[in-house]
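Note sheet for the following structure.
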Amino acid sequence: MTGKDIIEKYIKFFEGKGHKRITNSPLVPIDDPTTLFTSSGMQPLIPYLLGEVHPAGKRLVNVQNSFRAVDIDEVGDNRHTTFFRMLGNWSLGDYFKKEEIPWLWEFLTEELKIPSERLYITIFEGTEGVEKDNESFEIWSKIVPKERIFWAGVDKNWWSRSGVPANMPVGEIGGPDTEVYYEFDNPHFKGCKGKDPVTCECGKFLEIANSVFIQYQKTEDVFKELPQKNVDFGGGLERLLAAVEDKSDIFKTSLFEPIIKAIERESGKQYKGNENSMRIVADHLRAAVYLIDGKVVPSNKERGYILRRLIRRALDNLGHAHSASSGQADVENIISAIVAECAKTDKSLSQNFEEIKNVILQEQENYKNVINVAEKIIGGADDNGTKQISADEAFKMYSTHGLSPTQIKSLGYIFDEQKFAGLMEEHSKKSKTASSGMFKGGLADHSELTIKGHTATHLLHQALRDVFGNELHQTGSNITSERVRFDFNLDRMLTIDELKRVQDIVNDKILENLPISFEMLPLQKAKEIGAIGLFDDKYEGEVKVYFIGGGSTGSPRPYSAEFCGGPHVDFTGKLNSFTIIKQENLGKGQKRIYAKVT
Ligand code: SER
């Protein structure tokens, strides 16, 4: 049974139980400013878990490509990946535990034919304000011998996007879950003291399925019950396949085997003895392939930075970061192996192969240049192959040139690591403050001036398109109460006259005092009316579109229609004036405008 077979069986099984298949949402979310990547199948469904009516009904099923940057440092063991495919089924206030649990069991044991005696169950033991899940226990104990059922607390059997209840922001939804573990017959890996699925940490017990009962929403001090009780099931394809094939190392399953073989061939090393680094190469390059397919490009910020980190870490582990042109062909062959395997379920990967390959090879070049520059700054190693440098110098290599502490050390540099860690912490505090804006749709805060600035970017975006045509689109923005910063694609600088024309258009729209409103629209409709946004054809959900002066009926004709999370002022006349302060050339066909809004 291949990974593809599991997907097909799963979809068919749940379609047979009245579920409607929904498409895989883009890995880079299109209308959720709160997160960088789609990290679970439930993420695009949040409005519907909260009670909005889903056009496809109350029972949904899909396979969602997911990426979890938080797991990047876990990769290297037998079971963690950053990118994975999650099988998901949902009940939006329809069926609940007594249907979900037996169906899941039937799927695992009868469709996938996983031996039932290998399966263990964990159930939520309760916490302040949320009861012990006795109902799940009753249901499971009719299916599975009680000695294979275990209770666990919030750190294991509670699920929300932000983790345990204490970390959930107000408004976040979540609930208790029940999980299924597969037991491999090999002994516990070194150092593991736990002997059951709750206490074992070595991967001998592998979590393969998670049914979350999303029924709570966090308020200021307690949880409130949602108007409907939902089921949110998630099972990672890579892990389900490991159970089906009884491979205690997911990188030895048929999904990863051809990729690991390519890495062995190109690196000239054996997997045995190099498991940790080869797993990192396989996972990170596979994730990079999917992110580039989702139009992410390496950069020093946000999504681009994560992609850069994945590629560079993969190259380090391949030992090819410094090699000359011969290294390129090696990486290319690994990318080909990844695409050949993954395109069996994601066809766009083979269509975009050239682009994917070029982005990775270009980043390899950039990385080599960075290392050369860093070496020039600090000088090469001493005769014994090492060189003492200050923590500040090491930190400069990290912050300016993107070299991780491990990379700096593997260049032969020695430095005060404790002091370096202190500098890192300071730096991370600063960047957390700076990036907190992205959780609010590019806004640094929700002050009146910042909200005005947000509306001004929509006007500026449309005004630029009025002057330069619809090929022009936004590539970034950052808004504070001091100024608006707006990036877009244009192959030349604007002339003084053009800058003035754009500024005048925005000020005219302010004077017209146009109303601003939003509508939730199906993607197809949003496209038909010409709303601006980064749309993915495969997306079938609804998008939030903000209109300036009009709405989706086209009468009166809106001046601007743009997909966006908000917030905005209600009339353009709330803005007093818009003044362009300067423009900058960002390179790679991108320009930046700074403007002041009052
Ligand atoms: N949301 C849960 C998870 O990600 C189940 O889908 O595991």
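FYI, nothing fancy with the structure tokens labels: chains A, B, ... in order, residues from 1 per chain, ligands from 1 as they appear.
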
Please return as a PyMOL selection string the residues found within 8 Å of ligand 1, counting only C-alpha atoms and all ligand atoms. chain A and resi 39-43+86-89+159-161+209-212+232-235

For the helix (DSSP H, G or I) assignment from backbone DSSP, which residues of range 49-166 of chain A qualify? Please present them as a PyMOL selection string. chain A and resi 49+69-71+97-111+116-118+134-141+146-148+154-157+165-166

Output N, CA and C atoms of each residue in that selection to a file, as a CSV table (one decimal), in the first residue's frame.
```
chain,number,residue,atom,x,y,z
A,49,LEU,N,-15.7,26.3,12.0
A,49,LEU,CA,-15.7,25.7,13.3
A,49,LEU,C,-16.4,26.6,14.3
A,69,ALA,N,6.9,25.2,11.0
A,69,ALA,CA,8.3,25.7,11.3
A,69,ALA,C,8.7,25.4,12.7
A,70,VAL,N,7.8,25.3,13.6
A,70,VAL,CA,8.2,25.1,15.0
A,70,VAL,C,8.9,23.8,15.2
A,71,ASP,N,8.7,22.8,14.3
A,71,ASP,CA,9.3,21.5,14.4
A,71,ASP,C,10.7,21.4,13.8
A,97,LYS,N,-18.4,12.3,19.2
A,97,LYS,CA,-17.5,11.2,19.6
A,97,LYS,C,-18.0,9.8,19.2
A,98,LYS,N,-19.3,9.6,19.4
A,98,LYS,CA,-19.7,8.2,19.2
A,98,LYS,C,-19.7,7.7,17.8
A,99,GLU,N,-19.6,8.7,16.8
A,99,GLU,CA,-19.4,8.3,15.4
A,99,GLU,C,-17.9,8.3,15.1
A,100,GLU,N,-17.3,9.4,15.5
A,100,GLU,CA,-15.9,9.6,15.1
A,100,GLU,C,-15.0,8.4,15.5
A,101,ILE,N,-15.1,8.0,16.8
A,101,ILE,CA,-14.1,7.0,17.3
A,101,ILE,C,-14.3,5.7,16.6
A,102,PRO,N,-15.5,5.1,16.5
A,102,PRO,CA,-15.6,3.8,15.8
A,102,PRO,C,-15.2,3.9,14.3
A,103,TRP,N,-15.5,5.0,13.7
A,103,TRP,CA,-15.1,5.2,12.2
A,103,TRP,C,-13.6,5.2,12.1
A,104,LEU,N,-13.0,5.9,13.0
A,104,LEU,CA,-11.5,6.0,12.9
A,104,LEU,C,-10.9,4.6,13.1
A,105,TRP,N,-11.4,3.9,14.1
A,105,TRP,CA,-10.9,2.5,14.4
A,105,TRP,C,-11.1,1.6,13.1
A,106,GLU,N,-12.3,1.7,12.5
A,106,GLU,CA,-12.6,0.9,11.3
A,106,GLU,C,-11.6,1.3,10.2
A,107,PHE,N,-11.4,2.5,10.0
A,107,PHE,CA,-10.4,2.9,9.0
A,107,PHE,C,-9.0,2.4,9.2
A,108,LEU,N,-8.6,2.5,10.4
A,108,LEU,CA,-7.2,2.1,10.7
A,108,LEU,C,-7.0,0.6,10.6
A,109,THR,N,-8.0,-0.1,11.2
A,109,THR,CA,-7.8,-1.6,11.3
A,109,THR,C,-8.4,-2.4,10.1
A,110,GLU,N,-9.4,-1.8,9.5
A,110,GLU,CA,-10.0,-2.6,8.4
A,110,GLU,C,-9.6,-2.1,7.0
A,111,GLU,N,-9.5,-0.8,6.9
A,111,GLU,CA,-9.1,-0.2,5.6
A,111,GLU,C,-7.5,-0.3,5.4
A,116,SER,N,-4.7,-4.6,15.2
A,116,SER,CA,-5.3,-3.8,16.3
A,116,SER,C,-4.5,-3.9,17.6
A,117,GLU,N,-3.8,-5.0,17.8
A,117,GLU,CA,-3.0,-5.2,19.1
A,117,GLU,C,-1.8,-4.3,19.1
A,118,ARG,N,-1.5,-3.6,18.0
A,118,ARG,CA,-0.4,-2.6,18.1
A,118,ARG,C,-0.9,-1.2,18.4
A,134,ASN,N,-14.7,11.4,29.9
A,134,ASN,CA,-15.3,10.0,30.2
A,134,ASN,C,-16.0,9.4,29.1
A,135,GLU,N,-16.6,10.3,28.3
A,135,GLU,CA,-17.4,9.8,27.1
A,135,GLU,C,-16.5,9.1,26.1
A,136,SER,N,-15.4,9.7,25.8
A,136,SER,CA,-14.5,9.0,24.9
A,136,SER,C,-14.0,7.6,25.5
A,137,PHE,N,-13.8,7.7,26.8
A,137,PHE,CA,-13.3,6.5,27.5
A,137,PHE,C,-14.4,5.3,27.4
A,138,GLU,N,-15.6,5.7,27.6
A,138,GLU,CA,-16.7,4.7,27.5
A,138,GLU,C,-16.7,4.1,26.0
A,139,ILE,N,-16.6,5.0,25.1
A,139,ILE,CA,-16.6,4.5,23.7
A,139,ILE,C,-15.4,3.6,23.4
A,140,TRP,N,-14.2,4.1,23.7
A,140,TRP,CA,-13.0,3.3,23.4
A,140,TRP,C,-13.0,2.0,24.2
A,141,SER,N,-13.5,2.0,25.4
A,141,SER,CA,-13.3,0.8,26.2
A,141,SER,C,-14.2,-0.4,25.7
A,146,LYS,N,-8.9,-2.3,28.1
A,146,LYS,CA,-8.6,-1.1,28.9
A,146,LYS,C,-7.2,-0.9,29.2
A,147,GLU,N,-6.4,-2.0,29.2
A,147,GLU,CA,-4.9,-1.8,29.5
A,147,GLU,C,-4.2,-1.1,28.4
A,148,ARG,N,-4.9,-0.9,27.3
A,148,ARG,CA,-4.2,-0.2,26.2
A,148,ARG,C,-4.8,1.3,26.1
A,154,VAL,N,-3.1,18.3,29.7
A,154,VAL,CA,-3.2,19.3,28.7
A,154,VAL,C,-2.0,19.3,27.7
A,155,ASP,N,-0.8,18.9,28.3
A,155,ASP,CA,0.4,19.0,27.4
A,155,ASP,C,0.4,17.9,26.3
A,156,LYS,N,-0.4,16.9,26.5
A,156,LYS,CA,-0.5,15.8,25.5
A,156,LYS,C,-1.8,15.8,24.7
A,157,ASN,N,-2.9,15.9,25.5
A,157,ASN,CA,-4.2,15.6,24.9
A,157,ASN,C,-5.2,16.8,24.9
A,165,PRO,N,-3.9,25.3,27.1
A,165,PRO,CA,-4.9,26.4,27.3
A,165,PRO,C,-4.2,27.7,27.8
A,166,ALA,N,-3.1,27.6,28.6
A,166,ALA,CA,-2.5,28.9,29.1
A,166,ALA,C,-1.9,29.7,27.9
```

Extract the full set of strand (DSSP E) residues from range 89-163 of chain A according to DSSP on the backbone, and format it as number ranges by chain. A: 89-91, 119-124, 149-152, 158-160

Can you write just those residues out, all heavy atoms, as a compact mmCIF listing (two decimals), in the first residue's frame?
```txt
# COMPACT_ATOMS: atom_id res chain seq x y z
N ASN A 89 -10.66 14.86 8.63
CA ASN A 89 -12.13 14.87 8.46
C ASN A 89 -12.73 15.74 9.56
O ASN A 89 -12.18 15.83 10.66
CB ASN A 89 -12.74 13.47 8.45
CG ASN A 89 -12.52 12.67 9.71
OD1 ASN A 89 -11.52 11.95 9.84
ND2 ASN A 89 -13.45 12.77 10.66
N TRP A 90 -13.82 16.41 9.20
CA TRP A 90 -14.44 17.36 10.13
C TRP A 90 -15.94 17.17 10.22
O TRP A 90 -16.60 16.89 9.22
CB TRP A 90 -14.18 18.80 9.68
CG TRP A 90 -12.74 19.14 9.77
CD1 TRP A 90 -12.07 19.64 10.85
CD2 TRP A 90 -11.77 18.97 8.75
NE1 TRP A 90 -10.74 19.78 10.55
CE2 TRP A 90 -10.53 19.38 9.28
CE3 TRP A 90 -11.81 18.50 7.44
CZ2 TRP A 90 -9.35 19.33 8.54
CZ3 TRP A 90 -10.65 18.46 6.70
CH2 TRP A 90 -9.43 18.88 7.26
N SER A 91 -16.40 17.37 11.44
CA SER A 91 -17.84 17.51 11.67
C SER A 91 -18.02 18.94 12.14
O SER A 91 -17.46 19.34 13.17
CB SER A 91 -18.29 16.52 12.75
OG SER A 91 -19.51 16.99 13.32
N LEU A 119 -2.17 -1.06 18.58
CA LEU A 119 -2.70 0.30 18.74
C LEU A 119 -3.05 0.61 20.20
O LEU A 119 -3.66 -0.21 20.89
CB LEU A 119 -3.92 0.50 17.84
CG LEU A 119 -3.63 0.36 16.34
CD1 LEU A 119 -4.90 0.50 15.52
CD2 LEU A 119 -2.61 1.40 15.87
N TYR A 120 -2.67 1.80 20.63
CA TYR A 120 -2.91 2.29 22.00
C TYR A 120 -3.67 3.61 21.90
O TYR A 120 -3.53 4.35 20.92
CB TYR A 120 -1.57 2.54 22.71
CG TYR A 120 -0.84 1.27 23.05
CD1 TYR A 120 -0.27 0.49 22.03
CD2 TYR A 120 -0.73 0.84 24.36
CE1 TYR A 120 0.39 -0.69 22.33
CE2 TYR A 120 -0.06 -0.34 24.67
CZ TYR A 120 0.49 -1.11 23.65
OH TYR A 120 1.14 -2.27 23.94
N ILE A 121 -4.40 3.90 22.97
CA ILE A 121 -5.27 5.09 22.94
C ILE A 121 -4.91 6.01 24.10
O ILE A 121 -4.65 5.52 25.21
CB ILE A 121 -6.75 4.66 23.11
CG1 ILE A 121 -7.12 3.54 22.13
CG2 ILE A 121 -7.70 5.86 22.99
CD1 ILE A 121 -6.93 3.87 20.67
N THR A 122 -4.94 7.32 23.86
CA THR A 122 -4.84 8.26 24.98
C THR A 122 -6.07 9.17 24.98
O THR A 122 -6.61 9.51 23.92
CB THR A 122 -3.55 9.12 24.91
OG1 THR A 122 -3.59 9.91 23.72
CG2 THR A 122 -2.31 8.27 24.93
N ILE A 123 -6.48 9.54 26.21
CA ILE A 123 -7.71 10.34 26.38
C ILE A 123 -7.43 11.46 27.37
O ILE A 123 -6.60 11.31 28.28
CB ILE A 123 -8.86 9.44 26.92
CG1 ILE A 123 -9.10 8.28 25.95
CG2 ILE A 123 -10.15 10.25 27.11
CD1 ILE A 123 -10.17 7.32 26.41
N PHE A 124 -8.14 12.57 27.23
CA PHE A 124 -7.90 13.75 28.06
C PHE A 124 -8.38 13.54 29.50
O PHE A 124 -9.53 13.18 29.73
CB PHE A 124 -8.63 14.94 27.43
CG PHE A 124 -8.37 16.24 28.12
CD1 PHE A 124 -7.08 16.72 28.26
CD2 PHE A 124 -9.42 16.99 28.62
CE1 PHE A 124 -6.84 17.93 28.89
CE2 PHE A 124 -9.19 18.20 29.24
CZ PHE A 124 -7.88 18.67 29.38
N ILE A 149 -5.51 1.68 27.11
CA ILE A 149 -6.07 3.05 27.11
C ILE A 149 -5.41 3.83 28.24
O ILE A 149 -5.35 3.34 29.37
CB ILE A 149 -7.60 3.04 27.31
CG1 ILE A 149 -8.25 2.15 26.24
CG2 ILE A 149 -8.16 4.46 27.27
CD1 ILE A 149 -9.76 2.03 26.38
N PHE A 150 -4.93 5.03 27.96
CA PHE A 150 -4.19 5.83 28.95
C PHE A 150 -4.77 7.24 29.01
O PHE A 150 -5.24 7.78 28.01
CB PHE A 150 -2.70 5.90 28.57
CG PHE A 150 -2.01 4.57 28.67
CD1 PHE A 150 -2.11 3.65 27.63
CD2 PHE A 150 -1.30 4.23 29.80
CE1 PHE A 150 -1.50 2.41 27.72
CE2 PHE A 150 -0.67 2.99 29.90
CZ PHE A 150 -0.77 2.07 28.86
N TRP A 151 -4.68 7.82 30.23
CA TRP A 151 -5.14 9.20 30.41
C TRP A 151 -3.96 10.15 30.30
O TRP A 151 -2.86 9.81 30.71
CB TRP A 151 -5.76 9.38 31.80
CG TRP A 151 -7.02 8.59 32.00
CD1 TRP A 151 -7.14 7.37 32.58
CD2 TRP A 151 -8.34 8.96 31.58
NE1 TRP A 151 -8.44 6.95 32.56
CE2 TRP A 151 -9.21 7.91 31.96
CE3 TRP A 151 -8.89 10.07 30.92
CZ2 TRP A 151 -10.58 7.94 31.72
CZ3 TRP A 151 -10.26 10.10 30.69
CH2 TRP A 151 -11.08 9.04 31.08
N ALA A 152 -4.20 11.34 29.76
CA ALA A 152 -3.11 12.32 29.67
C ALA A 152 -3.65 13.74 29.84
O ALA A 152 -4.85 13.99 29.60
CB ALA A 152 -2.39 12.19 28.33
N TRP A 158 -4.57 17.94 24.61
CA TRP A 158 -5.37 19.15 24.39
C TRP A 158 -4.84 19.72 23.10
O TRP A 158 -3.62 19.75 22.88
CB TRP A 158 -5.15 20.14 25.54
CG TRP A 158 -5.88 21.43 25.31
CD1 TRP A 158 -5.40 22.54 24.64
CD2 TRP A 158 -7.21 21.76 25.69
NE1 TRP A 158 -6.34 23.52 24.60
CE2 TRP A 158 -7.47 23.07 25.24
CE3 TRP A 158 -8.21 21.07 26.37
CZ2 TRP A 158 -8.69 23.71 25.45
CZ3 TRP A 158 -9.42 21.71 26.57
CH2 TRP A 158 -9.66 23.02 26.12
N TRP A 159 -5.71 20.17 22.20
CA TRP A 159 -5.19 20.71 20.96
C TRP A 159 -5.79 22.08 20.65
O TRP A 159 -7.00 22.29 20.71
CB TRP A 159 -5.45 19.78 19.77
CG TRP A 159 -4.50 20.08 18.65
CD1 TRP A 159 -3.27 19.53 18.44
CD2 TRP A 159 -4.69 21.03 17.60
NE1 TRP A 159 -2.68 20.09 17.34
CE2 TRP A 159 -3.52 21.01 16.79
CE3 TRP A 159 -5.71 21.91 17.24
CZ2 TRP A 159 -3.35 21.82 15.66
CZ3 TRP A 159 -5.54 22.72 16.12
CH2 TRP A 159 -4.37 22.67 15.35
N SER A 160 -4.89 23.02 20.38
CA SER A 160 -5.27 24.31 19.79
C SER A 160 -4.07 24.71 18.97
O SER A 160 -2.99 24.15 19.14
CB SER A 160 -5.55 25.35 20.88
OG SER A 160 -4.33 25.90 21.33
```

Neighbours of Lys272 in chain A within 12 Å (only C-alpha atoms; same-chain residues fewer than 3 positions away dropped), as a list in words?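 Selected residues are Asp249, Phe251, Lys252, Ile260, Lys261, Glu264, Lys269, Glu275, Asn276, Ser277, Met278 and Arg279 of chain A.
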
Can you tell me how far CA of Arg265 in chain A sits from CA of Pro405 in chain A, in Å to one decimal?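 Separation between CA of Arg265 in chain A and CA of Pro405 in chain A: 28.5 Å.
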
Distance CA of Tyr181 in chain A-CA of Asn78 in chain A, one decimal place?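 Going from CA of Tyr181 in chain A over to CA of Asn78 in chain A, I get 14.7 Å.
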
Write out as a PyMOL selection string which residues come within 8 Å of range 313-319 of chain A when counting only C-alpha atoms, dropping same-chain ones fewer than 2 positions away. chain A and resi 267+277-278+280-282+284-285+309-311+321-322+364+407

Could you write those residues out with C-alpha atoms, as a short mmCIF file (atom, residue, chain, number, x, y, z; two decimals), in the first residue's frame?
```cif
data_model
loop_
_atom_site.label_atom_id
_atom_site.label_comp_id
_atom_site.auth_asym_id
_atom_site.auth_seq_id
_atom_site.Cartn_x
_atom_site.Cartn_y
_atom_site.Cartn_z
CA SER A 267 26.79 12.41 -0.94
CA SER A 277 21.90 14.57 8.85
CA MET A 278 20.26 12.69 5.96
CA ILE A 280 17.42 16.79 7.84
CA VAL A 281 18.45 16.98 4.17
CA ALA A 282 15.43 14.92 3.06
CA HIS A 284 14.24 20.31 4.58
CA LEU A 285 14.68 19.99 0.82
CA ARG A 309 17.06 28.49 6.72
CA LEU A 310 15.71 25.18 5.41
CA ILE A 311 17.84 25.26 2.27
CA ALA A 321 27.69 24.44 1.43
CA HIS A 322 31.22 25.27 0.38
CA GLN A 364 23.16 27.60 -2.89
CA GLN A 407 27.90 26.81 10.72
#
```

Neighbour list for range 347-356 of chain A as a PyMOL selection string, cut-off 8 Å, only C-alpha atoms, skip fewer than 2 positions in-chain: chain A and resi 289-290+292-293+336+339-340+342-345+358-360

Would you pick out the contacts of range 584-598 of chain A at 9 Å or less, using only C-alpha atoms, so that residues sharing its chain but fewer than 2 positions from it are not included, and give the list as a PyMOL selection string? chain A and resi 449-450+452-453+456+475-477+481-494+575-582

Using only C-alpha atoms: which of A:Lys4, A:Lys368, A:His568, A:Arg21 has the shortest distance to His454 in chain A: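 That would be A:His568, the residue with the smallest distance to His454 in chain A.
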
Who sits within 12 Å of Lys190 in chain A, only C-alpha atoms, same chain under 3 positions skipped, as number ranges by chain: A: 186-187, 193-194, 200-204

Preceding selection exported with N, CA, C and O atoms as an mmCIF file, in the first residue's frame:
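Below is the file part-v4.cif, written as the result:
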```cif
data_model
loop_
_atom_site.group_PDB
_atom_site.id
_atom_site.type_symbol
_atom_site.label_atom_id
_atom_site.label_comp_id
_atom_site.auth_asym_id
_atom_site.auth_seq_id
_atom_site.Cartn_x
_atom_site.Cartn_y
_atom_site.Cartn_z
ATOM 1 N N ASN A 186 10.458 -2.809 18.117
ATOM 2 C CA ASN A 186 11.858 -2.644 18.522
ATOM 3 C C ASN A 186 11.921 -2.064 19.940
ATOM 4 O O ASN A 186 10.963 -1.448 20.403
ATOM 5 N N PRO A 187 13.042 -2.276 20.642
ATOM 6 C CA PRO A 187 13.113 -1.737 22.005
ATOM 7 C C PRO A 187 13.113 -0.217 21.998
ATOM 8 O O PRO A 187 13.321 0.412 20.951
ATOM 9 N N LYS A 193 12.885 6.596 29.198
ATOM 10 C CA LYS A 193 12.481 5.937 30.447
ATOM 11 C C LYS A 193 11.009 5.540 30.421
ATOM 12 O O LYS A 193 10.567 4.696 31.175
ATOM 13 N N GLY A 194 10.231 6.169 29.536
ATOM 14 C CA GLY A 194 8.794 5.899 29.509
ATOM 15 C C GLY A 194 8.507 4.526 28.915
ATOM 16 O O GLY A 194 9.249 4.042 28.074
ATOM 17 N N CYS A 200 6.484 7.607 27.080
ATOM 18 C CA CYS A 200 7.582 7.312 26.138
ATOM 19 C C CYS A 200 7.870 8.536 25.276
ATOM 20 O O CYS A 200 6.948 9.178 24.767
ATOM 21 N N GLU A 201 9.155 8.850 25.119
ATOM 22 C CA GLU A 201 9.492 10.022 24.293
ATOM 23 C C GLU A 201 10.405 9.678 23.141
ATOM 24 O O GLU A 201 10.917 10.550 22.467
ATOM 25 N N CYS A 202 10.640 8.393 22.926
ATOM 26 C CA CYS A 202 11.655 8.037 21.940
ATOM 27 C C CYS A 202 11.088 7.671 20.578
ATOM 28 O O CYS A 202 11.840 7.456 19.645
ATOM 29 N N GLY A 203 9.773 7.562 20.470
ATOM 30 C CA GLY A 203 9.208 7.239 19.168
ATOM 31 C C GLY A 203 8.895 5.762 19.006
ATOM 32 O O GLY A 203 8.460 5.342 17.938
ATOM 33 N N LYS A 204 9.104 4.958 20.015
ATOM 34 C CA LYS A 204 8.683 3.545 19.927
ATOM 35 C C LYS A 204 7.159 3.492 19.792
ATOM 36 O O LYS A 204 6.613 2.667 19.093
#
```

Could you check the closest approach to Arg79 in chain A for each of A:Glu128, A:Asp94, A:Glu207, A:Asp504 and tell me which residue wins, using only C-alpha atoms?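 Among A:Glu128, A:Asp94, A:Glu207, A:Asp504, it is A:Glu207 that comes nearest to Arg79 in chain A.
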
May I ask for the distance between CA of Leu36 in chain A and CA of Phe547 in chain A, given in Å to one decimal place?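 Here the two named atoms are 24.5 Å from each other.
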